[in-house]
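Source file run_39.cif; content: mmCIF, C-alpha atoms.
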data_structure
loop_
_atom_site.label_atom_id
_atom_site.label_comp_id
_atom_site.auth_asym_id
_atom_site.auth_seq_id
_atom_site.Cartn_x
_atom_site.Cartn_y
_atom_site.Cartn_z
CA MET S 1 41.21 52.99 58.97
CA ALA S 2 38.15 50.89 59.72
CA ASP S 3 36.38 53.91 61.24
CA ARG S 4 37.27 56.01 58.21
CA GLU S 5 35.90 53.39 55.85
CA HIS S 6 32.70 53.15 57.89
CA ARG S 7 32.28 56.93 57.72
CA ARG S 8 32.80 56.83 53.96
CA ALA S 9 30.28 54.03 53.57
CA LEU S 10 27.78 55.92 55.71
CA ALA S 11 28.34 59.10 53.70
CA GLY S 12 27.89 57.29 50.40
CA PHE S 13 24.72 55.59 51.62
CA LEU S 14 23.16 58.84 52.82
CA ARG S 15 24.06 60.60 49.57
CA SER S 16 22.55 57.81 47.48
CA ARG S 17 19.30 57.87 49.49
CA ARG S 18 19.10 61.67 49.22
CA GLU S 19 19.65 61.65 45.46
CA ARG S 20 16.93 59.10 44.82
CA LEU S 21 14.20 61.22 46.51
CA SER S 22 12.29 63.90 44.66
CA PRO S 23 10.75 66.90 46.45
CA ALA S 24 7.34 65.41 45.71
CA ASP S 25 8.34 62.18 47.48
CA ALA S 26 9.15 64.18 50.61
CA GLY S 27 6.09 66.46 50.34
CA LEU S 28 8.14 69.52 49.35
CA PRO S 29 7.55 72.02 46.50
CA ALA S 30 9.74 71.44 43.47
CA GLY S 31 11.07 75.00 43.49
CA PRO S 32 13.52 76.32 40.90
CA ARG S 33 15.37 74.05 38.51
CA ARG S 34 17.80 71.70 40.26
CA ARG S 35 21.33 71.05 39.05
CA THR S 36 21.56 67.68 40.79
CA PRO S 37 19.02 64.86 41.21
CA GLY S 38 17.12 64.34 44.39
CA LEU S 39 16.82 66.50 47.46
CA ARG S 40 19.22 69.21 48.52
CA ARG S 41 21.22 68.76 51.71
CA GLU S 42 19.37 71.58 53.41
CA GLU S 43 16.08 69.84 52.62
CA VAL S 44 17.25 66.57 54.17
CA ALA S 45 18.50 68.48 57.21
CA LEU S 46 15.10 70.17 57.58
CA LEU S 47 13.20 66.90 57.22
CA SER S 48 15.54 65.11 59.65
CA GLY S 49 15.68 67.82 62.32
CA VAL S 50 19.45 68.44 62.13
CA SER S 51 21.56 71.42 61.10
CA VAL S 52 22.65 71.81 57.49
CA THR S 53 26.29 72.09 58.52
CA TRP S 54 26.16 68.92 60.58
CA TYR S 55 24.46 66.95 57.81
CA THR S 56 26.99 68.26 55.27
CA TRP S 57 29.83 67.07 57.47
CA LEU S 58 28.15 63.69 57.71
CA GLU S 59 28.06 63.35 53.91
CA GLN S 60 31.68 64.48 53.81
CA ALA S 61 32.62 61.57 56.09
CA ARG S 62 34.00 63.87 58.77
CA GLU S 63 34.81 62.46 62.19
CA ILE S 64 31.65 63.39 64.08
CA GLY S 65 29.42 61.48 66.47
CA VAL S 66 25.98 60.26 65.52
CA SER S 67 23.34 59.59 68.17
CA ARG S 68 20.47 57.11 67.87
CA GLN S 69 18.03 60.03 67.95
CA VAL S 70 19.74 61.57 64.94
CA LEU S 71 19.74 58.23 63.11
CA HIS S 72 16.00 57.96 63.70
CA GLY S 73 15.60 61.46 62.27
CA LEU S 74 17.65 60.61 59.19
CA ALA S 75 15.69 57.41 58.61
CA ARG S 76 12.46 59.37 58.84
CA GLY S 77 13.64 62.26 56.68
CA LEU S 78 15.03 60.00 53.95
CA LEU S 79 11.97 57.71 53.99
CA LEU S 80 14.13 54.64 54.62
CA SER S 81 12.63 51.16 54.50
CA PRO S 82 13.15 48.85 57.51
CA ALA S 83 16.03 47.13 55.69
CA GLU S 84 17.63 50.50 54.87
CA THR S 85 17.15 51.66 58.46
CA ARG S 86 18.92 48.56 59.75
CA HIS S 87 21.75 49.25 57.31
CA LEU S 88 21.98 52.89 58.42
CA PHE S 89 22.26 51.94 62.08
CA SER S 90 24.80 49.23 61.25
CA LEU S 91 27.02 51.66 59.34
CA ALA S 92 26.88 54.00 62.34
CA GLY S 93 27.88 51.15 64.67
CA GLU S 94 24.51 50.99 66.42
CA ALA S 95 22.09 48.13 67.05
CA PRO S 96 18.96 48.43 64.90
CA PRO S 97 15.85 49.91 66.53
CA ASP S 98 13.11 47.47 67.51
CA GLY S 99 10.76 48.74 64.83
CA ALA S 100 13.35 48.01 62.14
CA ARG S 101 14.25 44.49 63.21
CA PRO S 102 13.28 41.73 60.81
CA GLU S 103 9.94 40.16 61.58
CA PRO S 104 10.40 36.72 63.13
CA ALA S 105 9.45 33.97 60.73
CA ARG S 106 6.49 31.82 61.73
CA GLY S 107 8.39 28.71 60.74
CA PRO S 108 10.50 27.14 58.04
CA GLY S 109 9.11 27.42 54.54
CA PRO S 110 8.59 24.62 52.03
CA ALA S 111 12.00 25.09 50.40
CA LEU S 112 13.87 24.62 53.69
CA ARG S 113 11.78 21.56 54.52
CA ARG S 114 12.58 20.12 51.08
CA LEU S 115 16.27 20.69 51.77
CA VAL S 116 15.98 18.57 54.92
CA ASP S 117 14.34 15.80 52.90
CA ALA S 118 16.96 16.12 50.16
CA LEU S 119 19.76 15.46 52.65
CA ASP S 120 18.42 11.93 53.24
CA PRO S 121 19.96 9.37 53.83
CA HIS S 122 22.04 11.70 56.00
CA PRO S 123 20.09 12.49 59.18
CA ALA S 124 18.97 16.12 59.24
CA TYR S 125 16.46 18.23 61.11
CA LEU S 126 15.30 21.79 61.84
CA VAL S 127 15.06 23.23 65.34
CA SER S 128 13.71 26.46 66.78
CA ALA S 129 15.59 28.77 69.15
CA THR S 130 14.24 26.72 72.08
CA TRP S 131 15.22 23.44 70.35
CA GLU S 132 11.75 22.43 69.27
CA LEU S 133 11.90 19.97 66.39
CA LEU S 134 10.24 21.61 63.39
CA ALA S 135 11.10 19.16 60.59
CA TRP S 136 13.18 16.02 60.10
CA ASN S 137 13.93 13.49 57.39
CA ARG S 138 13.60 9.71 57.30
CA ALA S 139 17.19 9.07 58.33
CA GLU S 140 16.77 11.21 61.44
CA ALA S 141 13.60 9.29 62.29
CA GLY S 142 15.52 6.06 61.81
CA LEU S 143 18.25 7.29 64.14
CA VAL S 144 16.27 8.64 67.10
CA GLY S 145 12.75 7.34 66.45
CA ASP S 146 10.03 9.10 64.48
CA PRO S 147 9.26 12.43 66.24
CA ALA S 148 5.80 12.29 64.65
CA ASN S 149 5.00 9.58 67.19
CA TRP S 150 6.10 11.73 70.13
CA PRO S 151 3.58 13.92 71.97
CA VAL S 152 3.83 17.51 70.73
CA PRO S 153 5.22 18.92 74.02
CA GLY S 154 7.89 16.24 73.79
CA ARG S 155 9.14 17.26 70.34
CA ASN S 156 12.03 19.11 71.91
CA LEU S 157 15.61 17.86 71.82
CA LEU S 158 16.36 18.83 75.40
CA ARG S 159 13.23 17.12 76.68
CA ARG S 160 14.13 13.95 74.77
CA VAL S 161 17.74 13.94 75.95
CA PHE S 162 16.99 14.60 79.61
CA LEU S 163 13.58 12.98 80.09
CA ASP S 164 13.47 9.99 77.70
CA PRO S 165 15.20 6.85 79.08
CA ALA S 166 15.63 5.53 75.53
CA MET S 167 17.91 8.49 74.71
CA ARG S 168 20.22 7.57 77.57
CA ASP S 169 20.68 4.16 75.98
CA LEU S 170 21.00 5.58 72.46
CA LEU S 171 23.69 8.20 73.20
CA ALA S 172 26.99 6.37 73.72
CA ASP S 173 28.27 9.05 76.12
CA TRP S 174 25.04 10.37 77.56
CA PRO S 175 26.51 12.46 80.42
CA GLY S 176 29.06 14.18 78.21
CA GLN S 177 26.70 14.86 75.33
CA ALA S 178 23.80 15.89 77.55
CA ARG S 179 25.93 18.35 79.50
CA MET S 180 27.34 19.84 76.31
CA LEU S 181 23.81 20.39 74.98
CA LEU S 182 22.74 22.00 78.24
CA GLU S 183 25.68 24.41 78.15
CA GLN S 184 24.77 25.48 74.62
CA TYR S 185 21.16 25.93 75.69
CA ARG S 186 22.28 27.92 78.75
CA ALA S 187 24.15 30.38 76.53
CA ALA S 188 21.03 30.86 74.38
CA ALA S 189 18.70 31.16 77.39
CA ASP S 190 20.91 33.82 78.97
CA ARG S 191 20.62 35.84 75.76
CA HIS S 192 16.82 35.61 76.02
CA VAL S 193 16.28 36.58 79.66
CA GLY S 194 12.59 37.30 80.17
CA ASP S 195 11.46 35.08 77.30
CA ALA S 196 8.49 33.06 78.61
CA GLU S 197 9.15 30.05 76.36
CA PHE S 198 12.75 29.68 77.55
CA ALA S 199 11.64 30.15 81.16
CA ARG S 200 8.94 27.48 80.96
CA LEU S 201 11.29 24.94 79.39
CA THR S 202 14.04 25.63 81.91
CA ASP S 203 11.69 25.38 84.90
CA GLU S 204 10.25 22.10 83.61
CA LEU S 205 13.65 20.50 83.04
CA CYS S 206 15.00 21.67 86.41
CA GLU S 207 11.98 20.11 88.09
CA ARG S 208 11.95 16.83 86.19
CA SER S 209 15.65 16.09 85.64
CA PRO S 210 18.10 16.04 88.58
CA GLU S 211 21.07 16.16 86.19
CA PHE S 212 19.69 19.18 84.36
CA ALA S 213 19.02 20.99 87.65
CA GLN S 214 22.51 20.20 88.97
CA TRP S 215 24.34 21.28 85.80
CA TRP S 216 22.13 24.35 85.35
CA ARG S 217 23.28 25.71 88.70
CA THR S 218 26.91 25.73 87.51
CA HIS S 219 26.14 28.46 84.94
CA ASP S 220 28.56 26.79 82.50
CA VAL S 221 28.03 27.88 78.89
CA ALA S 222 29.34 26.77 75.51
CA GLU S 223 28.86 27.74 71.89
CA PHE S 224 28.18 25.16 69.22
CA ARG S 225 31.23 23.70 67.56
CA PRO S 226 31.53 20.82 65.10
CA VAL S 227 31.26 17.74 67.25
CA ARG S 228 31.30 13.98 66.84
CA ARG S 229 28.47 12.04 68.46
CA GLU S 230 28.24 8.30 68.80
CA PHE S 231 25.06 6.25 69.06
CA ASP S 232 24.41 2.70 70.18
CA HIS S 233 21.56 2.01 67.79
CA PRO S 234 19.31 -0.90 68.85
CA ARG S 235 19.19 -2.29 65.28
CA LEU S 236 22.37 -1.06 63.58
CA GLY S 237 24.92 -1.00 66.39
CA ARG S 238 27.49 1.76 66.91
CA LEU S 239 27.02 4.76 64.60
CA SER S 240 29.29 7.80 64.55
CA PHE S 241 28.34 11.19 63.10
CA ASP S 242 29.94 14.62 62.72
CA TYR S 243 27.33 17.30 63.35
CA VAL S 244 27.07 20.46 61.23
CA LYS S 245 24.79 23.36 62.15
CA LEU S 246 23.62 26.11 59.74
CA ALA S 247 21.49 29.15 60.59
CA GLY S 248 18.67 30.13 58.24
CA VAL S 249 19.13 33.78 57.24
CA ASP S 250 15.49 34.21 56.20
CA VAL S 251 14.08 32.35 59.22
CA PRO S 252 15.52 33.90 62.42
CA GLY S 253 15.93 31.39 65.20
CA VAL S 254 15.59 28.34 62.96
CA THR S 255 18.66 26.11 62.61
CA LEU S 256 19.42 23.29 60.22
CA VAL S 257 21.43 20.43 61.71
CA SER S 258 22.92 17.77 59.46
CA CYS S 259 24.78 14.63 60.48
CA MET S 260 27.66 13.39 58.34
CA PRO S 261 28.98 9.83 58.82
CA ALA S 262 32.30 9.90 60.63
CA ASP S 263 33.49 6.49 59.44
CA GLU S 264 32.96 4.00 56.63
CA ALA S 265 30.90 1.63 58.76
CA THR S 266 28.36 4.37 59.52
CA ALA S 267 28.31 5.50 55.88
CA ARG S 268 27.42 1.99 54.74
CA ARG S 269 24.46 1.89 57.12
CA LEU S 270 22.87 5.14 55.97
CA PRO S 271 20.43 3.47 53.54
CA GLU S 272 19.29 1.12 56.31
CA LEU S 273 18.82 4.08 58.65
CA SER S 274 16.63 5.84 56.10
CA ALA S 275 14.63 2.66 55.49
CA LEU S 276 13.98 2.29 59.23
CA GLY S 277 12.71 5.87 59.33
CA ALA S 278 10.44 5.29 56.36
CA ALA S 279 9.00 2.18 58.01
CA ALA S 280 8.38 4.04 61.26
CA SER S 281 6.49 6.92 59.64
#
Just give me the structure as structure tokens.
Amino acid sequence: MADREHRRALAGFLRSRRERLSPADAGLPAGPRRRTPGLRREEVALLSGVSVTWYTWLEQAREIGVSRQVLHGLARGLLLSPAETRHLFSLAGEAPPDGARPEPARGPGPALRRLVDALDPHPAYLVSATWELLAWNRAEAGLVGDPANWPVPGRNLLRRVFLDPAMRDLLADWPGQARMLLEQYRAAADRHVGDAEFARLTDELCERSPEFAQWWRTHDVAEFRPVRREFDHPRLGRLSFDYVKLAGVDVPGVTLVSCMPADEATARRLPELSALGAAAS
């Protein structure tokens, strides 16, 4: 049933793209009067390099195979935009071609940064795919120290957790939390084999942190899940937060992390946490 519905969706999409094109759009003569809008099936088949019969079956949602080469031809013949090409490949059950992938965002935009600020006094921050800190609010600065005062190469959560002695004191269960973070990073790094930025960070941490090197060799991986983290704050005592992670659809690779107080005592201290961050900045 799912395959049938996918074929119907693909057929409907192709038909809608064909009907929106005029012969002039495709560089074809108008010819005699047309009874239906858009291009004829034989014209799309010609432009796409496929047989008329095969293309007709495709629009009829028949059970036929579709190769990536054919999908490229259809995208070209129907003058599909990158977004439409991605949709075409998705409907056919194929990964999008490299040329149709969304362009990576250079960084979070002003609206996303304002959202981080608006979450104050709840600690919140933005991280890149390699866990570089991109933005943070006052409460986050009050919790872990103001990242603006850290050297730029050190504005990375993994570097802070594994290389900063103060983080070992701040995290109530440093070994457990550090290993969990490494396993999540390992899963991401294995999906980006050959990426120079991941490789440099991994090599640095293996060289500078015995724990990171030891745990890295286990090849253990984990996906993010809602987790409770406890902190022994030097000014405010024990703080407990539930972490929530959200992916930015319009900024690939950028993640918003927000920390919600896990108990009443932590909730009461949020204003003080934000005030500490404001004083540090």
(Q) At a cut-off of 8 Å, using all atoms listed in the file, what residues contact Arg4 in chain S? Leave out same-chain residues fewer than 3 positions from it and give the result as a ChimeraX atom specification. (A) /S:1,7-8,61,63
Could those selected residues go to a file with C-alpha atoms, as a PDB file, in the coordinates of the input?
ATOM      1  CA  MET S   1      41.210  52.990  58.970  1.00  0.00           C
ATOM      2  CA  ARG S   7      32.280  56.930  57.720  1.00  0.00           C
ATOM      3  CA  ARG S   8      32.800  56.830  53.960  1.00  0.00           C
ATOM      4  CA  ALA S  61      32.620  61.570  56.090  1.00  0.00           C
ATOM      5  CA  GLU S  63      34.810  62.460  62.190  1.00  0.00           C
TER       6      GLU S  63
END
(Q) Can you translate the PyMOL selection byres ((chain S and resi 41-48) around 10) into the concrete residues it hits in this file, as a PyMOL selection string? (A) chain S and resi 14-15+18-19+21+23+26-28+38-40+49-56+59+70-79
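Each of S:Ala24, S:Leu112, S:Ala141, S:Ala129 was compared to Gly277 in chain S using only C-alpha atoms, and S:Ala141 turns out to be the nearest.
For the atom pair formed by CA of Trp174 in chain S and CA of Leu134 in chain S, the distance is 23.4 Å, given to one decimal.
Each of S:Val127, S:Ala135, S:Val254, S:Val66 was checked against Leu115 in chain S using only C-alpha atoms; the smallest atom-to-atom distance is that of S:Ala135.
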**Q.** Protein, DNA and RNA residues within 7 Å of (15.8, 26.8, 73.7), only C-alpha atoms, as a ChimeraX atom specification
**A.** /S:129-131,185,188-189,198
Q) In file coordinates, which residues lie within 10 Å of (25.8, 5.4, 57.9) using only C-alpha atoms, given as number ranges by chain? A) S: 121-123, 139, 143, 236, 238-241, 259-274
Q.
Which residues, named as in the file, does the PyMOL selection byres ((chain S and resi 216) around 9) pick out? Answer as an NGL selection string.
A. :S and (182-183 or 186 or 202 or 206 or 211-215 or 217-220)
So that I have them on file, write out the residues from the current selection with C-alpha atoms, as a PDB file, in the frame of the given file.
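result.pdb written:
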ATOM      1  CA  LEU S 182      22.740  22.000  78.240  1.00  0.00           C
ATOM      2  CA  GLU S 183      25.680  24.410  78.150  1.00  0.00           C
ATOM      3  CA  ARG S 186      22.280  27.920  78.750  1.00  0.00           C
ATOM      4  CA  THR S 202      14.040  25.630  81.910  1.00  0.00           C
ATOM      5  CA  CYS S 206      15.000  21.670  86.410  1.00  0.00           C
ATOM      6  CA  GLU S 211      21.070  16.160  86.190  1.00  0.00           C
ATOM      7  CA  PHE S 212      19.690  19.180  84.360  1.00  0.00           C
ATOM      8  CA  ALA S 213      19.020  20.990  87.650  1.00  0.00           C
ATOM      9  CA  GLN S 214      22.510  20.200  88.970  1.00  0.00           C
ATOM     10  CA  TRP S 215      24.340  21.280  85.800  1.00  0.00           C
ATOM     11  CA  ARG S 217      23.280  25.710  88.700  1.00  0.00           C
ATOM     12  CA  THR S 218      26.910  25.730  87.510  1.00  0.00           C
ATOM     13  CA  HIS S 219      26.140  28.460  84.940  1.00  0.00           C
ATOM     14  CA  ASP S 220      28.560  26.790  82.500  1.00  0.00           C
TER      15      ASP S 220
END
Q. What does the distance from CA of Leu157 in chain S to CA of Ala275 in chain S come to in Å, to one decimal?
A. 22.3 Å
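We find CA of Asp242 in chain S and CA of Ala280 in chain S to be spaced 24.1 Å apart.
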Q | Distance query Arg114 in chain S at most 10 Å, all atoms listed in the file, self and fewer than 4 positions along chain excluded, as a ChimeraX atom specification | A | /S:109-110,118-119,135-137
Q) Which residues, written as an MDAnalysis selection string, have at least one atom at most 12 Å from Glu204 in chain S, with all atoms listed in the file counted and residues fewer than 6 positions away on the same chain left out? A) chainID S and resid 153:154 158:159 162:163 197:198 210 212:213
Could you give me range 222-245 of chain S completed to N, CA and C atoms, formatted as a compact mmCIF listing (two decimals), in the coordinates of the input?
# COMPACT_ATOMS: atom_id res chain seq x y z
N ALA S 222 28.49 27.16 76.64
CA ALA S 222 29.34 26.77 75.51
C ALA S 222 28.63 27.18 74.23
N GLU S 223 29.40 27.49 73.21
CA GLU S 223 28.86 27.74 71.89
C GLU S 223 28.96 26.45 71.08
N PHE S 224 28.12 26.35 70.07
CA PHE S 224 28.18 25.16 69.22
C PHE S 224 29.52 25.11 68.48
N ARG S 225 30.05 23.93 68.39
CA ARG S 225 31.23 23.70 67.56
C ARG S 225 31.05 22.34 66.90
N PRO S 226 31.65 22.13 65.75
CA PRO S 226 31.53 20.82 65.10
C PRO S 226 31.92 19.72 66.08
N VAL S 227 31.04 18.75 66.23
CA VAL S 227 31.26 17.74 67.25
C VAL S 227 30.93 16.36 66.71
N ARG S 228 31.58 15.36 67.22
CA ARG S 228 31.30 13.98 66.84
C ARG S 228 30.46 13.32 67.93
N ARG S 229 29.35 12.72 67.50
CA ARG S 229 28.47 12.04 68.46
C ARG S 229 28.33 10.58 68.05
N GLU S 230 28.35 9.74 69.05
CA GLU S 230 28.24 8.30 68.80
C GLU S 230 26.95 7.77 69.41
N PHE S 231 26.34 6.83 68.66
CA PHE S 231 25.06 6.25 69.06
C PHE S 231 25.18 4.74 69.12
N ASP S 232 24.55 4.15 70.11
CA ASP S 232 24.41 2.70 70.18
C ASP S 232 23.01 2.36 69.70
N HIS S 233 22.88 2.22 68.39
CA HIS S 233 21.56 2.01 67.79
C HIS S 233 21.07 0.59 68.09
N PRO S 234 19.79 0.44 68.49
CA PRO S 234 19.31 -0.90 68.85
C PRO S 234 19.28 -1.89 67.69
N ARG S 235 19.24 -1.39 66.45
CA ARG S 235 19.19 -2.29 65.28
C ARG S 235 20.51 -2.32 64.50
N LEU S 236 21.21 -1.20 64.47
CA LEU S 236 22.37 -1.06 63.58
C LEU S 236 23.70 -0.99 64.32
N GLY S 237 23.67 -1.03 65.64
CA GLY S 237 24.92 -1.00 66.39
C GLY S 237 25.51 0.39 66.51
N ARG S 238 26.81 0.47 66.68
CA ARG S 238 27.49 1.76 66.91
C ARG S 238 27.51 2.58 65.63
N LEU S 239 27.01 3.80 65.71
CA LEU S 239 27.02 4.76 64.60
C LEU S 239 27.72 6.02 65.08
N SER S 240 28.52 6.61 64.19
CA SER S 240 29.29 7.80 64.55
C SER S 240 29.05 8.89 63.52
N PHE S 241 28.66 10.08 63.99
CA PHE S 241 28.34 11.19 63.10
C PHE S 241 29.06 12.46 63.51
N ASP S 242 29.46 13.25 62.50
CA ASP S 242 29.94 14.62 62.72
C ASP S 242 28.77 15.56 62.46
N TYR S 243 28.48 16.40 63.43
CA TYR S 243 27.33 17.30 63.35
C TYR S 243 27.73 18.65 62.76
N VAL S 244 26.89 19.15 61.85
CA VAL S 244 27.07 20.46 61.23
C VAL S 244 25.80 21.26 61.46
N LYS S 245 25.95 22.52 61.86
CA LYS S 245 24.79 23.36 62.15
C LYS S 245 24.85 24.60 61.26
